[in-house]
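Here's the structure, in structure tokens; my notes come after.
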Amino acid sequence: MKGFDIIVVGAGMVGAAQALALARQGWRVALVDARAPQLEWPEEGYDIRVSALTRASQNLFEELGAWQAMCAERVSPYREMVVWDAGGTGRVHFDSADVGEPDMGHIVENRVIVKGLHAQVARQPDITPFWPARPVRLQREDEGAALTLDDGTELTGRLIIGTDGGRSWVRQAAGIPVTGWDYDQTAVVTVVRPREHHRETAWQRFLPTGPLAFLPLTEGYCSIVWSTSPEQAERLLAMEEERFARELEAAFEATLGPIENVGPRAAFPLRFFETRRYADTRLALAGDAAHTIHPLAGQGVNLGLADVRSLARLLGEARRRRRDPGGETLLRRYERERRSENRPMLLAMDGFKELFSNDQPLLAWLRNTGLTLTDRLGPVKNLIVRRALGG
Ligand SMILES: Cc1cc2nc3c(=O)[nH]c(=O)nc-3n(C[C@H](O)[C@H](O)[C@H](O)COP(=O)(O)OP(=O)(O)OC[C@H]3O[C@@H](n4cnc5c(N)ncnc54)[C@H](O)[C@@H]3O)c2cc1C
């Protein structure tokens with residue numbers, strides 16, 4: 001049996017950041033993951049999964065000492081964003097220069113984020129890693145909690161944090177239901193190089209089948225997130241490279257010219273949900289374990305990192321005041337804070353998805369008018385850019 005203050009289950013982007021933030025406050029943390037983190041990969045090529053990080057997420061990584069390692073590996077700033085509708089003339093163009101900022105955020109490969117965080121985890125004496133290991137039993141009582149791993153190790157602590165992704169074992173073991181639905185959309189992701197440079201701009205075209213995004217990477221490459229019907233996704237995955245490149249060009253109105261290089265493709269079914277409870281006896285959920293969102297606004301991991309900041313702030317306060325890290329009042333505050341911040345963003349993204357994936361004439365008019373108006377109204381645009389920066 002091994003005793004800790006806090007047990008974090010899931011050492012992905014959110015879990016590794018959470019463990020680091022808490023260990024830096026002096027808590028003794030156990031960090032569990034079913035897999036060892038990926039720290040090496042071939043020099044050629046990009047990770048098929050990337051995240052558009054807001055300035056707020058970048059600031060957190062800077063505080064944790066991980067941002068520099070990510071920059072040394074590879075990050076791509078995006079300075080502008082262009083969004084337009086396939087069914088009309090509505091178009092909006094955001095520019096970070098309009099609000100006096102050097103960029104709107106960075107596109108970073110998920111494996112680069114994980115590696116940057118784990119370089120710090122490895123240096124942190126207050127984090128004890130357990131991987132590869134899966135939890136098999138969760139026990140919670142008023143005084144503390146225990147987690148049994150599949151190799152028989154028993155971990156005890158005063159708080160368990162579930163950061164083990166959308167299918168969270170922790171959430172299910174605690175019997176916490178979710179509210180949500182399948183989008184009936186699948187995201188096809190890949191990396192391509194169009195003939196023209198992306199101009200450090202994030203591009204998104206809304207098609208009736210779903211949004212298609214070109215996110216800028218280094219050396220003119222773009223990460224593609226093409227949300228579409230499950231049937232079309234299947235076809236896009238199965239077709240040979242040349243044909244896929246032509247279909248992609250057509251869907252993107254060849255905005256950056258012909259597609260010259262296509263990497264491996266993968267598909268992710270898209271789901272929307274929010275947990276019914278962010279906290280329970282001696283337990284908290286953060287990141288995708290608590291909510292998943294449509295990737296159209298690239299907010300998923302940013303919301304998860306906001307959960308991390310909130311929990312770290314409350315636990316930092318508890319540490320200073322020598323309070324119980326799994327106390328009811330603290331967990332109730334976490335619940336209130338995250339629900340009131342996450343709910344509007346989750347619902348707004350769901351509304352956007354409905355508004356744009358629809359060819360009803362009234363909705364088409366509404367979104368085109370909305371895009372055109374937004375583009376003309378400087379203050380509204382600047383507000384959106386500031387919001388995108390995560391301020
Ligand atoms: C196509 C697509 C594009 C996206 N683009 C963006 C974007 O641009 N910007 C953005 O912010 N977000 C984006 N997202 C969302 C983002 O990828 C997720 O929000 C993010 O990965 C969540 O991180 P996490 O650490 O909570 O969970 P995960 O990344 O899922 O990590 C969970 C960790 O828990 C471990 N684990 C799982 N089960 C167990 C278990 N039983 N026991 C022990 N360990 C376990 C896993 O091994 C993993 O390490 C996108 C998502 C998709 C599908």
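Every chain in the structure tokens takes a letter, A first, then B, and so on in the order presented; its residues are numbered from 1, and the ligands are numbered from 1 following the presented order.
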
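Excluding segment 1-11 of chain A itself and any same-chain residue fewer than 3 positions from it, the protein and nucleic acid residues within 7 Å of it, counting only C-alpha atoms, are Gly15, Ala16, Ala19, Trp27, Arg28, Val29, Ala30, Leu31, Val32, Asp33, Thr153, Glu154, Leu155, Thr156, Gly157, Arg158, Leu159, Ile160, Ile161, Gly162, Thr163 and Asp164 of chain A.
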
Now that the selection is made, can you save its residues with N, CA and C atoms as a PDB file, in the first residue's frame?
```
ATOM      1  N   GLY A  15      -4.050  15.542 -17.517  1.00  0.00           N
ATOM      2  CA  GLY A  15      -3.590  14.892 -16.287  1.00  0.00           C
ATOM      3  C   GLY A  15      -2.156  15.258 -15.930  1.00  0.00           C
ATOM      4  N   ALA A  16      -1.259  15.296 -16.932  1.00  0.00           N
ATOM      5  CA  ALA A  16       0.143  15.629 -16.651  1.00  0.00           C
ATOM      6  C   ALA A  16       0.232  17.073 -16.145  1.00  0.00           C
ATOM      7  N   ALA A  19      -1.102  17.129 -12.499  1.00  0.00           N
ATOM      8  CA  ALA A  19      -0.154  16.560 -11.535  1.00  0.00           C
ATOM      9  C   ALA A  19       0.988  17.549 -11.268  1.00  0.00           C
ATOM     10  N   TRP A  27       2.059  19.089  -2.823  1.00  0.00           N
ATOM     11  CA  TRP A  27       1.255  17.880  -2.607  1.00  0.00           C
ATOM     12  C   TRP A  27       2.028  16.667  -3.127  1.00  0.00           C
ATOM     13  N   ARG A  28       1.880  15.527  -2.456  1.00  0.00           N
ATOM     14  CA  ARG A  28       2.493  14.278  -2.954  1.00  0.00           C
ATOM     15  C   ARG A  28       1.478  13.610  -3.883  1.00  0.00           C
ATOM     16  N   VAL A  29       1.886  13.462  -5.144  1.00  0.00           N
ATOM     17  CA  VAL A  29       0.930  13.050  -6.177  1.00  0.00           C
ATOM     18  C   VAL A  29       1.315  11.692  -6.783  1.00  0.00           C
ATOM     19  N   ALA A  30       0.327  10.798  -6.931  1.00  0.00           N
ATOM     20  CA  ALA A  30       0.521   9.564  -7.709  1.00  0.00           C
ATOM     21  C   ALA A  30      -0.095   9.825  -9.077  1.00  0.00           C
ATOM     22  N   LEU A  31       0.638   9.521 -10.152  1.00  0.00           N
ATOM     23  CA  LEU A  31       0.129   9.759 -11.507  1.00  0.00           C
ATOM     24  C   LEU A  31       0.065   8.405 -12.228  1.00  0.00           C
ATOM     25  N   VAL A  32      -1.174   8.011 -12.594  1.00  0.00           N
ATOM     26  CA  VAL A  32      -1.405   6.670 -13.152  1.00  0.00           C
ATOM     27  C   VAL A  32      -1.810   6.781 -14.615  1.00  0.00           C
ATOM     28  N   ASP A  33      -1.265   5.930 -15.469  1.00  0.00           N
ATOM     29  CA  ASP A  33      -1.770   5.876 -16.847  1.00  0.00           C
ATOM     30  C   ASP A  33      -1.671   4.448 -17.373  1.00  0.00           C
ATOM     31  N   THR A 153      -1.131  -3.267  -6.813  1.00  0.00           N
ATOM     32  CA  THR A 153      -0.703  -2.130  -5.983  1.00  0.00           C
ATOM     33  C   THR A 153      -1.934  -1.382  -5.483  1.00  0.00           C
ATOM     34  N   GLU A 154      -1.908  -0.991  -4.204  1.00  0.00           N
ATOM     35  CA  GLU A 154      -3.010  -0.185  -3.685  1.00  0.00           C
ATOM     36  C   GLU A 154      -2.506   1.210  -3.345  1.00  0.00           C
ATOM     37  N   LEU A 155      -3.135   2.211  -3.922  1.00  0.00           N
ATOM     38  CA  LEU A 155      -2.758   3.604  -3.676  1.00  0.00           C
ATOM     39  C   LEU A 155      -3.829   4.222  -2.780  1.00  0.00           C
ATOM     40  N   THR A 156      -3.383   4.993  -1.787  1.00  0.00           N
ATOM     41  CA  THR A 156      -4.377   5.698  -0.974  1.00  0.00           C
ATOM     42  C   THR A 156      -4.112   7.203  -1.082  1.00  0.00           C
ATOM     43  N   GLY A 157      -5.168   7.982  -0.923  1.00  0.00           N
ATOM     44  CA  GLY A 157      -5.018   9.431  -0.999  1.00  0.00           C
ATOM     45  C   GLY A 157      -6.236  10.105  -0.418  1.00  0.00           C
ATOM     46  N   ARG A 158      -6.192  11.464  -0.406  1.00  0.00           N
ATOM     47  CA  ARG A 158      -7.368  12.165   0.122  1.00  0.00           C
ATOM     48  C   ARG A 158      -8.265  12.705  -0.995  1.00  0.00           C
ATOM     49  N   LEU A 159      -7.699  12.680  -2.228  1.00  0.00           N
ATOM     50  CA  LEU A 159      -8.503  13.115  -3.386  1.00  0.00           C
ATOM     51  C   LEU A 159      -8.064  12.313  -4.610  1.00  0.00           C
ATOM     52  N   ILE A 160      -9.030  11.883  -5.414  1.00  0.00           N
ATOM     53  CA  ILE A 160      -8.725  11.222  -6.690  1.00  0.00           C
ATOM     54  C   ILE A 160      -9.221  12.138  -7.804  1.00  0.00           C
ATOM     55  N   ILE A 161      -8.341  12.432  -8.769  1.00  0.00           N
ATOM     56  CA  ILE A 161      -8.756  13.272  -9.907  1.00  0.00           C
ATOM     57  C   ILE A 161      -8.768  12.406 -11.159  1.00  0.00           C
ATOM     58  N   GLY A 162      -9.910  12.348 -11.824  1.00  0.00           N
ATOM     59  CA  GLY A 162     -10.045  11.571 -13.059  1.00  0.00           C
ATOM     60  C   GLY A 162      -9.755  12.461 -14.254  1.00  0.00           C
ATOM     61  N   THR A 163      -8.630  12.193 -14.926  1.00  0.00           N
ATOM     62  CA  THR A 163      -8.292  12.925 -16.164  1.00  0.00           C
ATOM     63  C   THR A 163      -8.016  11.866 -17.226  1.00  0.00           C
ATOM     64  N   ASP A 164      -8.842  10.819 -17.211  1.00  0.00           N
ATOM     65  CA  ASP A 164      -8.569   9.677 -18.081  1.00  0.00           C
ATOM     66  C   ASP A 164      -9.436   9.681 -19.342  1.00  0.00           C
TER      67      ASP A 164
END
```

Residues contacting ligand 1 - anything with an atom at most 7 Å away, using only C-alpha atoms and all ligand atoms - can you give me those as a PyMOL selection string?
chain A and resi 9-15+32-35+37+49-53+133-135+163-169+187-189+225+268+270+286-289+292+295+298-302+304

Go ahead and write the selection's residues with N, CA and C atoms as a compact mmCIF listing (two decimals), in the first residue's frame.
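Final file, result-v7.txt:
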```
# COMPACT_ATOMS: atom_id res chain seq x y z
N VAL A 9 -5.54 10.09 -12.18
CA VAL A 9 -5.64 8.96 -13.10
C VAL A 9 -5.77 9.49 -14.52
N GLY A 10 -4.76 9.19 -15.37
CA GLY A 10 -4.71 9.72 -16.74
C GLY A 10 -3.60 10.74 -16.82
N ALA A 11 -2.54 10.41 -17.57
CA ALA A 11 -1.38 11.30 -17.65
C ALA A 11 -1.23 11.89 -19.05
N GLY A 12 -2.39 12.18 -19.70
CA GLY A 12 -2.37 12.85 -20.99
C GLY A 12 -2.10 14.35 -20.79
N MET A 13 -2.54 15.18 -21.73
CA MET A 13 -2.25 16.62 -21.66
C MET A 13 -2.82 17.23 -20.37
N VAL A 14 -4.06 16.86 -20.05
CA VAL A 14 -4.71 17.47 -18.88
C VAL A 14 -4.17 16.88 -17.58
N GLY A 15 -4.05 15.54 -17.52
CA GLY A 15 -3.59 14.89 -16.29
C GLY A 15 -2.16 15.26 -15.93
N VAL A 32 -1.17 8.01 -12.59
CA VAL A 32 -1.41 6.67 -13.15
C VAL A 32 -1.81 6.78 -14.61
N ASP A 33 -1.26 5.93 -15.47
CA ASP A 33 -1.77 5.88 -16.85
C ASP A 33 -1.67 4.45 -17.37
N ALA A 34 -2.62 4.12 -18.25
CA ALA A 34 -2.65 2.78 -18.84
C ALA A 34 -1.45 2.57 -19.77
N ARG A 35 -0.90 3.70 -20.29
CA ARG A 35 0.25 3.59 -21.22
C ARG A 35 1.36 4.52 -20.77
N PRO A 37 3.94 7.45 -21.48
CA PRO A 37 3.81 8.56 -22.44
C PRO A 37 4.75 8.37 -23.63
N ARG A 49 -2.68 14.21 -34.58
CA ARG A 49 -3.53 14.97 -33.66
C ARG A 49 -2.81 16.21 -33.17
N VAL A 50 -3.46 17.35 -33.37
CA VAL A 50 -2.88 18.62 -32.93
C VAL A 50 -3.92 19.37 -32.10
N SER A 51 -3.46 20.38 -31.36
CA SER A 51 -4.40 21.22 -30.59
C SER A 51 -4.10 22.68 -30.89
N ALA A 52 -5.18 23.46 -31.03
CA ALA A 52 -5.03 24.91 -31.15
C ALA A 52 -5.05 25.44 -29.73
N LEU A 53 -3.88 25.84 -29.22
CA LEU A 53 -3.78 26.29 -27.83
C LEU A 53 -4.03 27.79 -27.72
N ALA A 133 -0.37 0.96 -16.12
CA ALA A 133 -1.20 0.38 -15.06
C ALA A 133 -2.63 0.88 -15.19
N ARG A 134 -3.56 -0.01 -15.01
CA ARG A 134 -4.98 0.37 -15.05
C ARG A 134 -5.61 0.20 -13.68
N PRO A 135 -6.40 1.16 -13.25
CA PRO A 135 -7.11 0.97 -11.99
C PRO A 135 -8.22 -0.07 -12.17
N THR A 163 -8.63 12.19 -14.93
CA THR A 163 -8.29 12.92 -16.16
C THR A 163 -8.02 11.87 -17.23
N ASP A 164 -8.84 10.82 -17.21
CA ASP A 164 -8.57 9.68 -18.08
C ASP A 164 -9.44 9.68 -19.34
N GLY A 165 -9.71 10.88 -19.87
CA GLY A 165 -10.30 11.01 -21.20
C GLY A 165 -11.80 10.74 -21.27
N GLY A 166 -12.34 10.82 -22.51
CA GLY A 166 -13.78 10.77 -22.75
C GLY A 166 -14.46 9.51 -22.22
N ARG A 167 -13.76 8.38 -22.25
CA ARG A 167 -14.38 7.13 -21.76
C ARG A 167 -14.00 6.86 -20.31
N SER A 168 -13.64 7.89 -19.59
CA SER A 168 -13.15 7.83 -18.21
C SER A 168 -13.60 6.63 -17.37
N TRP A 169 -12.63 5.82 -16.99
CA TRP A 169 -12.91 4.71 -16.06
C TRP A 169 -13.32 5.29 -14.71
N ALA A 187 -14.81 13.15 -37.50
CA ALA A 187 -13.74 14.04 -37.95
C ALA A 187 -12.66 13.21 -38.64
N VAL A 188 -12.40 13.52 -39.91
CA VAL A 188 -11.28 12.89 -40.61
C VAL A 188 -10.09 13.81 -40.43
N VAL A 189 -8.99 13.28 -39.92
CA VAL A 189 -7.83 14.13 -39.67
C VAL A 189 -6.63 13.62 -40.47
N VAL A 225 -8.80 19.05 -40.15
CA VAL A 225 -9.88 18.44 -39.36
C VAL A 225 -11.14 18.61 -40.20
N PHE A 268 -12.21 10.21 -36.11
CA PHE A 268 -12.69 10.23 -34.72
C PHE A 268 -14.18 10.55 -34.73
N LEU A 270 -17.54 12.04 -33.42
CA LEU A 270 -17.68 13.23 -32.57
C LEU A 270 -18.89 13.11 -31.65
N ALA A 286 -11.72 16.17 -14.57
CA ALA A 286 -11.22 17.31 -15.34
C ALA A 286 -10.92 16.86 -16.77
N GLY A 287 -10.95 17.82 -17.71
CA GLY A 287 -10.64 17.52 -19.11
C GLY A 287 -11.75 16.72 -19.77
N ASP A 288 -11.36 15.90 -20.76
CA ASP A 288 -12.36 15.13 -21.51
C ASP A 288 -13.12 14.14 -20.62
N ALA A 289 -12.58 13.81 -19.46
CA ALA A 289 -13.33 12.94 -18.54
C ALA A 289 -14.60 13.65 -18.08
N THR A 292 -16.79 16.62 -23.45
CA THR A 292 -16.17 16.67 -24.79
C THR A 292 -17.04 17.58 -25.64
N PRO A 295 -14.94 19.75 -32.29
CA PRO A 295 -13.63 20.41 -32.48
C PRO A 295 -13.70 21.70 -33.30
N GLY A 298 -11.86 24.38 -31.71
CA GLY A 298 -10.57 23.99 -31.13
C GLY A 298 -10.48 24.32 -29.65
N GLN A 299 -11.53 24.02 -28.89
CA GLN A 299 -11.53 24.43 -27.48
C GLN A 299 -11.35 23.28 -26.49
N GLY A 300 -11.43 22.02 -26.97
CA GLY A 300 -11.47 20.87 -26.06
C GLY A 300 -10.40 20.87 -24.98
N VAL A 301 -9.14 20.86 -25.38
CA VAL A 301 -8.09 20.76 -24.38
C VAL A 301 -7.95 22.08 -23.61
N ASN A 302 -8.31 23.18 -24.24
CA ASN A 302 -8.24 24.48 -23.54
C ASN A 302 -9.21 24.52 -22.37
N GLY A 304 -10.19 21.86 -20.76
CA GLY A 304 -9.61 20.93 -19.80
C GLY A 304 -8.51 21.60 -18.99
```

For Ala174 of chain A, which residue among A:Leu64, A:Leu149, A:Ala284, A:Glu40 is the nearest when counting only C-alpha atoms?
A:Ala284

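Using only C-alpha atoms for every distance, the candidate list A:Pro125, A:Ala254, A:Leu305, A:Glu234 yields A:Leu305 as the residue closest to Gln58 of chain A.
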
Out of segment 72-224 of chain A, which residues get strand (DSSP E or B) from DSSP, as a PyMOL selection string?
chain A and resi 76-78+80-85+91-95+105-109+127-130+135-140+145-149+154-157+159-162+178-194+201-207+210-216+222-224

Using only C-alpha atoms, which residues of segment 218-285 of chain A come within 12 Å of segment 199-205 of chain A, and what is the closest atom pair for each, with the distance in Å to one decimal? Give it as JSON lines, sorted by chain and residue number.
```
{"residue": "A:Thr218", "atom": "CA", "partner": "A:Glu200", "partner_atom": "CA", "distance": 9.0}
{"residue": "A:Glu219", "atom": "CA", "partner": "A:Glu200", "partner_atom": "CA", "distance": 10.4}
{"residue": "A:Gly220", "atom": "CA", "partner": "A:Arg199", "partner_atom": "CA", "distance": 8.2}
{"residue": "A:Tyr221", "atom": "CA", "partner": "A:Glu200", "partner_atom": "CA", "distance": 10.3}
{"residue": "A:Cys222", "atom": "CA", "partner": "A:Ala202", "partner_atom": "CA", "distance": 9.0}
{"residue": "A:Ser223", "atom": "CA", "partner": "A:Ala202", "partner_atom": "CA", "distance": 9.7}
{"residue": "A:Ile224", "atom": "CA", "partner": "A:Trp203", "partner_atom": "CA", "distance": 9.8}
{"residue": "A:Val225", "atom": "CA", "partner": "A:Gln204", "partner_atom": "CA", "distance": 9.3}
{"residue": "A:Trp226", "atom": "CA", "partner": "A:Gln204", "partner_atom": "CA", "distance": 9.5}
{"residue": "A:Ser227", "atom": "CA", "partner": "A:Arg205", "partner_atom": "CA", "distance": 10.6}
{"residue": "A:Leu248", "atom": "CA", "partner": "A:Arg205", "partner_atom": "CA", "distance": 11.5}
{"residue": "A:Glu249", "atom": "CA", "partner": "A:Arg205", "partner_atom": "CA", "distance": 11.8}
{"residue": "A:Ala250", "atom": "CA", "partner": "A:Arg205", "partner_atom": "CA", "distance": 11.4}
{"residue": "A:Ala251", "atom": "CA", "partner": "A:Arg205", "partner_atom": "CA", "distance": 8.3}
{"residue": "A:Phe252", "atom": "CA", "partner": "A:Arg205", "partner_atom": "CA", "distance": 6.8}
{"residue": "A:Glu253", "atom": "CA", "partner": "A:Arg205", "partner_atom": "CA", "distance": 9.0}
{"residue": "A:Ala254", "atom": "CA", "partner": "A:Arg205", "partner_atom": "CA", "distance": 11.3}
{"residue": "A:Thr255", "atom": "CA", "partner": "A:Trp203", "partner_atom": "CA", "distance": 9.2}
{"residue": "A:Leu256", "atom": "CA", "partner": "A:Arg199", "partner_atom": "CA", "distance": 9.6}
```
